[in-house]
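One structure is given here, and the rest of the page talks about it.
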Amino acid sequence: MTVDRVVLDAGGQAPLLPVAKDAFFAALDEGWADPRRLHSEGRRARALLDGARESLAAAVGARTEEVDLTPSHTAALHSAVSTVALGRRRVGADVVASAVERAAVLHAADFAAARGGGQRVTVPVDRAGRVDDEAFAAAVARPGVALAALQHANGEVGTLQPVEEAHAAARAAGVPLLVDAGASLGHVPVGDAWDLLAANPGDWGGPSGLGVLVVRAGVRRSPDRPQDEDRWFPGGVSVPAALAAAVALESALASQAGADVQRRALVGRLRERIPAEIADVDVAGPGEGRLPHVLTFSCLFVDGETVVGALDAAGFAVGSGSACTSSTLEPSHVLAAMGVLTHGNVRIALPRGTRREDVERFADVLPGIVGAVRSRLGVSDL
Amino acid sequence: MTEVVVVDARGLLCPAPVIALAKAARALPEGSRVTVLATDPAAAVDVPAWARMRGHQMVETTEDGEHLALTVLLGPAKAR
């Protein structure tokens, strides 16, 4: 990576925070051993792992024994849905989920529901990507629901979801609520309106190869994997990754308020400049009630992949929810559920410390890039 | 008013179906109906989104298993 690169695609995996890198390297020395072993080296690794869990638990207001470390965010979500559905199979096999949940949740819901002879009940969202809390409550109150899932915020478009209302409705119905905070934790307060909480260390500047699942005591779940000392996630996780994740979260939370103000202003600037300076842009997600650092917009008549490539060549790393180059790929189910243009999509998640001048420079070059693609496609006058 | 212009965008990937539709729409007066046929799943979202952005109205969307047929009622030319 040269000094000229500007990463605006931190969703799911942000650049590793320096304190996380230091903790990771320190743990390679101190915590290299198998934490299941009884010798001094093993016990030292175990102490680091337990310390990481304790720190993560404190960060979300949970008890240490409620925190499971998982091999990935996807694995955490799959397990949450699958093991609760199995544990509550006598109640029913339906899984309620919003239409804009992460694909891992939707796929796990389909899998678990099919296994138990139930169905996934999908609750739609409005144009801003927000689930209708009354529709969600009605879906949860139906008989035969094993589990409900509602993300804390959507990582593609930034929309905060009504998790408190959803949790109250789920509680009244006696249904556990899984809240995917994979795009929220480390950026905004995630609250306590959940029975299961999934979070993603990579998203807050921790290492990849690790996930977090917090399960409140009293939530019934059954293992659906072969027996192992690590009951829910057989084989355990990397000790250095766990320590680095915990250190990164402490650092992220300590600077959360400042990072919120700073990145919210930068995203606000882009929300203002982009539609003003480029014709026919569909900006997704609400202006208020959103994550501070996430922005998605779609440019009419261009394909997202070409725009991503041109921005990359200009030094900017961005994502896209478009699927124009391959007929086998579906476009972003989130944009589709919202009714937002799926082609020409650019997805941004600002890492902490993103500089204002880089954001302004991005907004400076974007109109020319979109204009060049439109000109090449002969659509400039459409 | 009853005549519907059909744009065949089957086999084209996004954004080509919307571009073909927009090109056809440019030549037609307000109140015309245009139906675009598409196999690209993105068209199901992108045609209504284009219509919303350009002041047209969606009339209907049908699917016969092989392709989508999306019909739009065109708004004033100024918006296009």
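Naming scheme: A, B, ... for chains in displayed order of the structure tokens; residues 1 onward per chain; ligands 1 onward as shown.
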
Requested in this report: Output the contact residues of chain A with respect to chain B at a cut-off of 6 Å, based on only C-alpha atoms, as a PyMOL selection string.
Outcome: chain A and resi 301+324+336+339-341

Requested in this report: Write out as a PyMOL selection string each polymer residue whose atoms come within 6 Å of Val36 in chain B, counting only C-alpha atoms; drop sequence neighbours fewer than 4 positions from it.
Outcome: chain B and resi 6-8+69-70

Same residues, C-alpha atoms, output as a CSV table (one decimal), in the first residue's frame:
```
chain,number,residue,atom,x,y,z
B,6,VAL,CA,-41.8,-3.1,-26.1
B,7,VAL,CA,-38.1,-2.9,-25.5
B,8,ASP,CA,-36.4,-6.3,-25.6
B,69,ALA,CA,-41.8,-7.7,-18.1
B,70,LEU,CA,-41.9,-4.3,-16.5
```

Report task. Can you check which residues of range 46-203 of chain A DSSP gives as strand (DSSP E) on the backbone and send them as a ChimeraX atom specification? Result -> /A:67-70,94-98,120-123,145-149,177-180,196-199

Given the selection you just returned, output its residues as a file containing N, CA and C atoms, formatted as a PDB file, in the first residue's frame.
```pdb
ATOM      1  N   VAL A  67     -19.991 -14.819  26.936  1.00  0.00           N
ATOM      2  CA  VAL A  67     -19.285 -14.472  25.691  1.00  0.00           C
ATOM      3  C   VAL A  67     -18.619 -15.706  25.088  1.00  0.00           C
ATOM      4  N   ASP A  68     -18.960 -15.997  23.843  1.00  0.00           N
ATOM      5  CA  ASP A  68     -18.254 -17.024  23.080  1.00  0.00           C
ATOM      6  C   ASP A  68     -17.424 -16.346  22.006  1.00  0.00           C
ATOM      7  N   LEU A  69     -16.184 -16.796  21.872  1.00  0.00           N
ATOM      8  CA  LEU A  69     -15.360 -16.331  20.757  1.00  0.00           C
ATOM      9  C   LEU A  69     -15.512 -17.350  19.630  1.00  0.00           C
ATOM     10  N   THR A  70     -15.630 -16.855  18.417  1.00  0.00           N
ATOM     11  CA  THR A  70     -15.998 -17.694  17.286  1.00  0.00           C
ATOM     12  C   THR A  70     -14.972 -17.529  16.163  1.00  0.00           C
ATOM     13  N   ASP A  94     -40.094 -21.715  12.974  1.00  0.00           N
ATOM     14  CA  ASP A  94     -40.022 -20.508  12.145  1.00  0.00           C
ATOM     15  C   ASP A  94     -38.946 -19.554  12.679  1.00  0.00           C
ATOM     16  N   VAL A  95     -38.307 -18.858  11.764  1.00  0.00           N
ATOM     17  CA  VAL A  95     -37.327 -17.845  12.136  1.00  0.00           C
ATOM     18  C   VAL A  95     -37.748 -16.521  11.496  1.00  0.00           C
ATOM     19  N   VAL A  96     -37.931 -15.506  12.324  1.00  0.00           N
ATOM     20  CA  VAL A  96     -38.310 -14.178  11.836  1.00  0.00           C
ATOM     21  C   VAL A  96     -37.032 -13.371  11.612  1.00  0.00           C
ATOM     22  N   ALA A  97     -36.947 -12.704  10.458  1.00  0.00           N
ATOM     23  CA  ALA A  97     -35.771 -11.874  10.176  1.00  0.00           C
ATOM     24  C   ALA A  97     -36.184 -10.702   9.295  1.00  0.00           C
ATOM     25  N   SER A  98     -35.511  -9.583   9.450  1.00  0.00           N
ATOM     26  CA  SER A  98     -35.765  -8.459   8.548  1.00  0.00           C
ATOM     27  C   SER A  98     -35.192  -8.798   7.181  1.00  0.00           C
ATOM     28  N   ARG A 120     -38.749 -19.316   7.009  1.00  0.00           N
ATOM     29  CA  ARG A 120     -38.236 -18.002   7.347  1.00  0.00           C
ATOM     30  C   ARG A 120     -39.343 -16.985   7.089  1.00  0.00           C
ATOM     31  N   VAL A 121     -39.633 -16.159   8.107  1.00  0.00           N
ATOM     32  CA  VAL A 121     -40.634 -15.103   7.961  1.00  0.00           C
ATOM     33  C   VAL A 121     -39.864 -13.797   7.808  1.00  0.00           C
ATOM     34  N   THR A 122     -39.951 -13.207   6.605  1.00  0.00           N
ATOM     35  CA  THR A 122     -39.136 -12.036   6.310  1.00  0.00           C
ATOM     36  C   THR A 122     -39.969 -10.764   6.456  1.00  0.00           C
ATOM     37  N   VAL A 123     -39.481  -9.841   7.272  1.00  0.00           N
ATOM     38  CA  VAL A 123     -40.203  -8.586   7.518  1.00  0.00           C
ATOM     39  C   VAL A 123     -39.597  -7.501   6.628  1.00  0.00           C
ATOM     40  N   VAL A 145     -42.627 -19.555  16.555  1.00  0.00           N
ATOM     41  CA  VAL A 145     -41.386 -18.850  16.219  1.00  0.00           C
ATOM     42  C   VAL A 145     -40.271 -19.280  17.180  1.00  0.00           C
ATOM     43  N   ALA A 146     -39.195 -19.822  16.619  1.00  0.00           N
ATOM     44  CA  ALA A 146     -38.067 -20.264  17.447  1.00  0.00           C
ATOM     45  C   ALA A 146     -37.160 -19.095  17.804  1.00  0.00           C
ATOM     46  N   LEU A 147     -36.999 -18.157  16.859  1.00  0.00           N
ATOM     47  CA  LEU A 147     -36.006 -17.097  17.026  1.00  0.00           C
ATOM     48  C   LEU A 147     -36.364 -15.930  16.120  1.00  0.00           C
ATOM     49  N   ALA A 148     -36.030 -14.731  16.567  1.00  0.00           N
ATOM     50  CA  ALA A 148     -36.158 -13.551  15.712  1.00  0.00           C
ATOM     51  C   ALA A 148     -34.793 -12.892  15.593  1.00  0.00           C
ATOM     52  N   ALA A 149     -34.530 -12.308  14.431  1.00  0.00           N
ATOM     53  CA  ALA A 149     -33.239 -11.653  14.198  1.00  0.00           C
ATOM     54  C   ALA A 149     -33.461 -10.268  13.617  1.00  0.00           C
ATOM     55  N   LEU A 177     -34.316 -12.751  20.857  1.00  0.00           N
ATOM     56  CA  LEU A 177     -33.956 -11.863  19.746  1.00  0.00           C
ATOM     57  C   LEU A 177     -32.444 -11.865  19.552  1.00  0.00           C
ATOM     58  N   LEU A 178     -32.029 -12.203  18.327  1.00  0.00           N
ATOM     59  CA  LEU A 178     -30.622 -12.090  17.934  1.00  0.00           C
ATOM     60  C   LEU A 178     -30.418 -10.724  17.306  1.00  0.00           C
ATOM     61  N   VAL A 179     -29.492  -9.957  17.875  1.00  0.00           N
ATOM     62  CA  VAL A 179     -29.156  -8.658  17.300  1.00  0.00           C
ATOM     63  C   VAL A 179     -27.747  -8.734  16.712  1.00  0.00           C
ATOM     64  N   ASP A 180     -27.669  -8.540  15.400  1.00  0.00           N
ATOM     65  CA  ASP A 180     -26.378  -8.520  14.718  1.00  0.00           C
ATOM     66  C   ASP A 180     -25.828  -7.095  14.819  1.00  0.00           C
ATOM     67  N   LEU A 196     -29.341 -12.404  22.180  1.00  0.00           N
ATOM     68  CA  LEU A 196     -28.069 -12.833  21.616  1.00  0.00           C
ATOM     69  C   LEU A 196     -27.516 -11.652  20.824  1.00  0.00           C
ATOM     70  N   LEU A 197     -26.218 -11.425  20.983  1.00  0.00           N
ATOM     71  CA  LEU A 197     -25.588 -10.298  20.294  1.00  0.00           C
ATOM     72  C   LEU A 197     -24.367 -10.823  19.542  1.00  0.00           C
ATOM     73  N   ALA A 198     -24.312 -10.523  18.247  1.00  0.00           N
ATOM     74  CA  ALA A 198     -23.136 -10.917  17.462  1.00  0.00           C
ATOM     75  C   ALA A 198     -22.370  -9.666  17.078  1.00  0.00           C
ATOM     76  N   ALA A 199     -21.048  -9.746  17.142  1.00  0.00           N
ATOM     77  CA  ALA A 199     -20.227  -8.589  16.796  1.00  0.00           C
ATOM     78  C   ALA A 199     -18.980  -9.049  16.047  1.00  0.00           C
TER      79      ALA A 199
END
```

Requested in this report: Can you work out which one of A:Pro207, A:Ser82, A:Gly118, A:Pro240 has the shortest atom-to-atom distance to Ala33 in chain A, counting only C-alpha atoms?
Outcome: A:Pro240

Requested in this report: Could you tell me how far CA of Val359 in chain A lies from CA of Asn345 in chain A, in Å and to one decimal?
Outcome: 17.6 Å

Requested in this report: Name the residues of chain B that fall into alpha helix (DSSP H) according to DSSP on the backbone, using the chain letters and numbers of this document, as an NGL selection string.
Outcome: :B and (16-26 or 43-54)

Just to be explicit: take each residue in the selection above, keep N, CA and C atoms, and write the result as a compact mmCIF listing (two decimals), in the first residue's frame.
```
# COMPACT_ATOMS: atom_id res chain seq x y z
N ALA B 16 -27.57 -2.24 -18.74
CA ALA B 16 -28.04 -2.16 -20.14
C ALA B 16 -29.56 -2.15 -20.29
N PRO B 17 -30.33 -2.96 -19.53
CA PRO B 17 -31.78 -2.91 -19.71
C PRO B 17 -32.38 -1.53 -19.40
N VAL B 18 -31.87 -0.88 -18.36
CA VAL B 18 -32.38 0.45 -18.01
C VAL B 18 -31.96 1.48 -19.06
N ILE B 19 -30.76 1.32 -19.61
CA ILE B 19 -30.30 2.24 -20.66
C ILE B 19 -31.19 2.08 -21.91
N ALA B 20 -31.47 0.82 -22.28
CA ALA B 20 -32.32 0.58 -23.45
C ALA B 20 -33.71 1.18 -23.24
N LEU B 21 -34.21 1.03 -22.04
CA LEU B 21 -35.54 1.58 -21.71
C LEU B 21 -35.52 3.11 -21.78
N ALA B 22 -34.48 3.71 -21.22
CA ALA B 22 -34.38 5.17 -21.19
C ALA B 22 -34.24 5.73 -22.60
N LYS B 23 -33.52 5.01 -23.47
CA LYS B 23 -33.37 5.46 -24.87
C LYS B 23 -34.71 5.42 -25.58
N ALA B 24 -35.47 4.35 -25.35
CA ALA B 24 -36.79 4.26 -25.98
C ALA B 24 -37.71 5.35 -25.44
N ALA B 25 -37.62 5.60 -24.13
CA ALA B 25 -38.50 6.58 -23.50
C ALA B 25 -38.26 7.98 -24.03
N ARG B 26 -37.02 8.28 -24.37
CA ARG B 26 -36.66 9.63 -24.84
C ARG B 26 -37.46 10.02 -26.10
N ALA B 43 -33.00 -5.85 -12.98
CA ALA B 43 -34.01 -5.00 -13.62
C ALA B 43 -35.26 -4.88 -12.77
N ALA B 44 -35.57 -5.90 -11.99
CA ALA B 44 -36.77 -5.87 -11.14
C ALA B 44 -36.72 -4.72 -10.15
N VAL B 45 -35.53 -4.34 -9.74
CA VAL B 45 -35.36 -3.22 -8.81
C VAL B 45 -35.02 -1.94 -9.56
N ASP B 46 -34.16 -2.08 -10.57
CA ASP B 46 -33.60 -0.89 -11.21
C ASP B 46 -34.59 -0.15 -12.10
N VAL B 47 -35.50 -0.88 -12.75
CA VAL B 47 -36.49 -0.19 -13.58
C VAL B 47 -37.43 0.65 -12.71
N PRO B 48 -38.00 0.10 -11.62
CA PRO B 48 -38.80 0.97 -10.74
C PRO B 48 -38.00 2.12 -10.14
N ALA B 49 -36.72 1.89 -9.82
CA ALA B 49 -35.89 2.95 -9.25
C ALA B 49 -35.67 4.06 -10.28
N TRP B 50 -35.41 3.67 -11.54
CA TRP B 50 -35.26 4.65 -12.62
C TRP B 50 -36.55 5.46 -12.78
N ALA B 51 -37.68 4.76 -12.76
CA ALA B 51 -38.97 5.42 -12.93
C ALA B 51 -39.19 6.45 -11.81
N ARG B 52 -38.87 6.06 -10.59
CA ARG B 52 -39.00 6.98 -9.45
C ARG B 52 -38.10 8.20 -9.62
N MET B 53 -36.84 7.95 -10.05
CA MET B 53 -35.87 9.05 -10.16
C MET B 53 -36.24 10.01 -11.28
N ARG B 54 -36.93 9.51 -12.34
CA ARG B 54 -37.21 10.32 -13.51
C ARG B 54 -38.68 10.75 -13.64
```

Requested in this report: Just the residues within 12 Å of Ala168 in chain A, please, counting only C-alpha atoms, with nothing from its chain fewer than 6 positions along; format it as a list in words.
Outcome: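 Selected residues are Asp133, Glu134, Phe136, Ala137, Ala138, Val140, Ala141, Ala148, Pro162, Gly174, Val175, Pro176, Leu177, Asp192, Ala193, Trp194 and Asp195 of chain A.
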
Based on the selection just made, write C-alpha atoms of those residues as a compact mmCIF listing (two decimals), in the first residue's frame.
```
# COMPACT_ATOMS: atom_id res chain seq x y z
CA ASP A 133 -41.46 -2.36 14.06
CA GLU A 134 -45.18 -3.13 14.14
CA PHE A 136 -41.85 -7.15 13.11
CA ALA A 137 -43.82 -7.39 16.37
CA ALA A 138 -46.72 -9.06 14.58
CA VAL A 140 -42.76 -12.42 16.29
CA ALA A 141 -46.12 -12.85 18.03
CA ALA A 148 -36.16 -13.55 15.71
CA PRO A 162 -35.74 -0.24 16.05
CA GLY A 174 -41.22 -15.26 24.74
CA VAL A 175 -39.02 -15.38 21.62
CA PRO A 176 -35.26 -14.73 21.88
CA LEU A 177 -33.96 -11.86 19.75
CA ASP A 192 -28.94 -3.96 25.91
CA ALA A 193 -32.06 -4.75 23.84
CA TRP A 194 -30.95 -8.25 22.83
CA ASP A 195 -30.85 -11.85 23.98
```

Requested in this report: Tell me which of B:Val5, B:Ala38, B:Leu28, B:Val59 sits closest to Leu73 in chain B, counting only C-alpha atoms.
Outcome: B:Val59
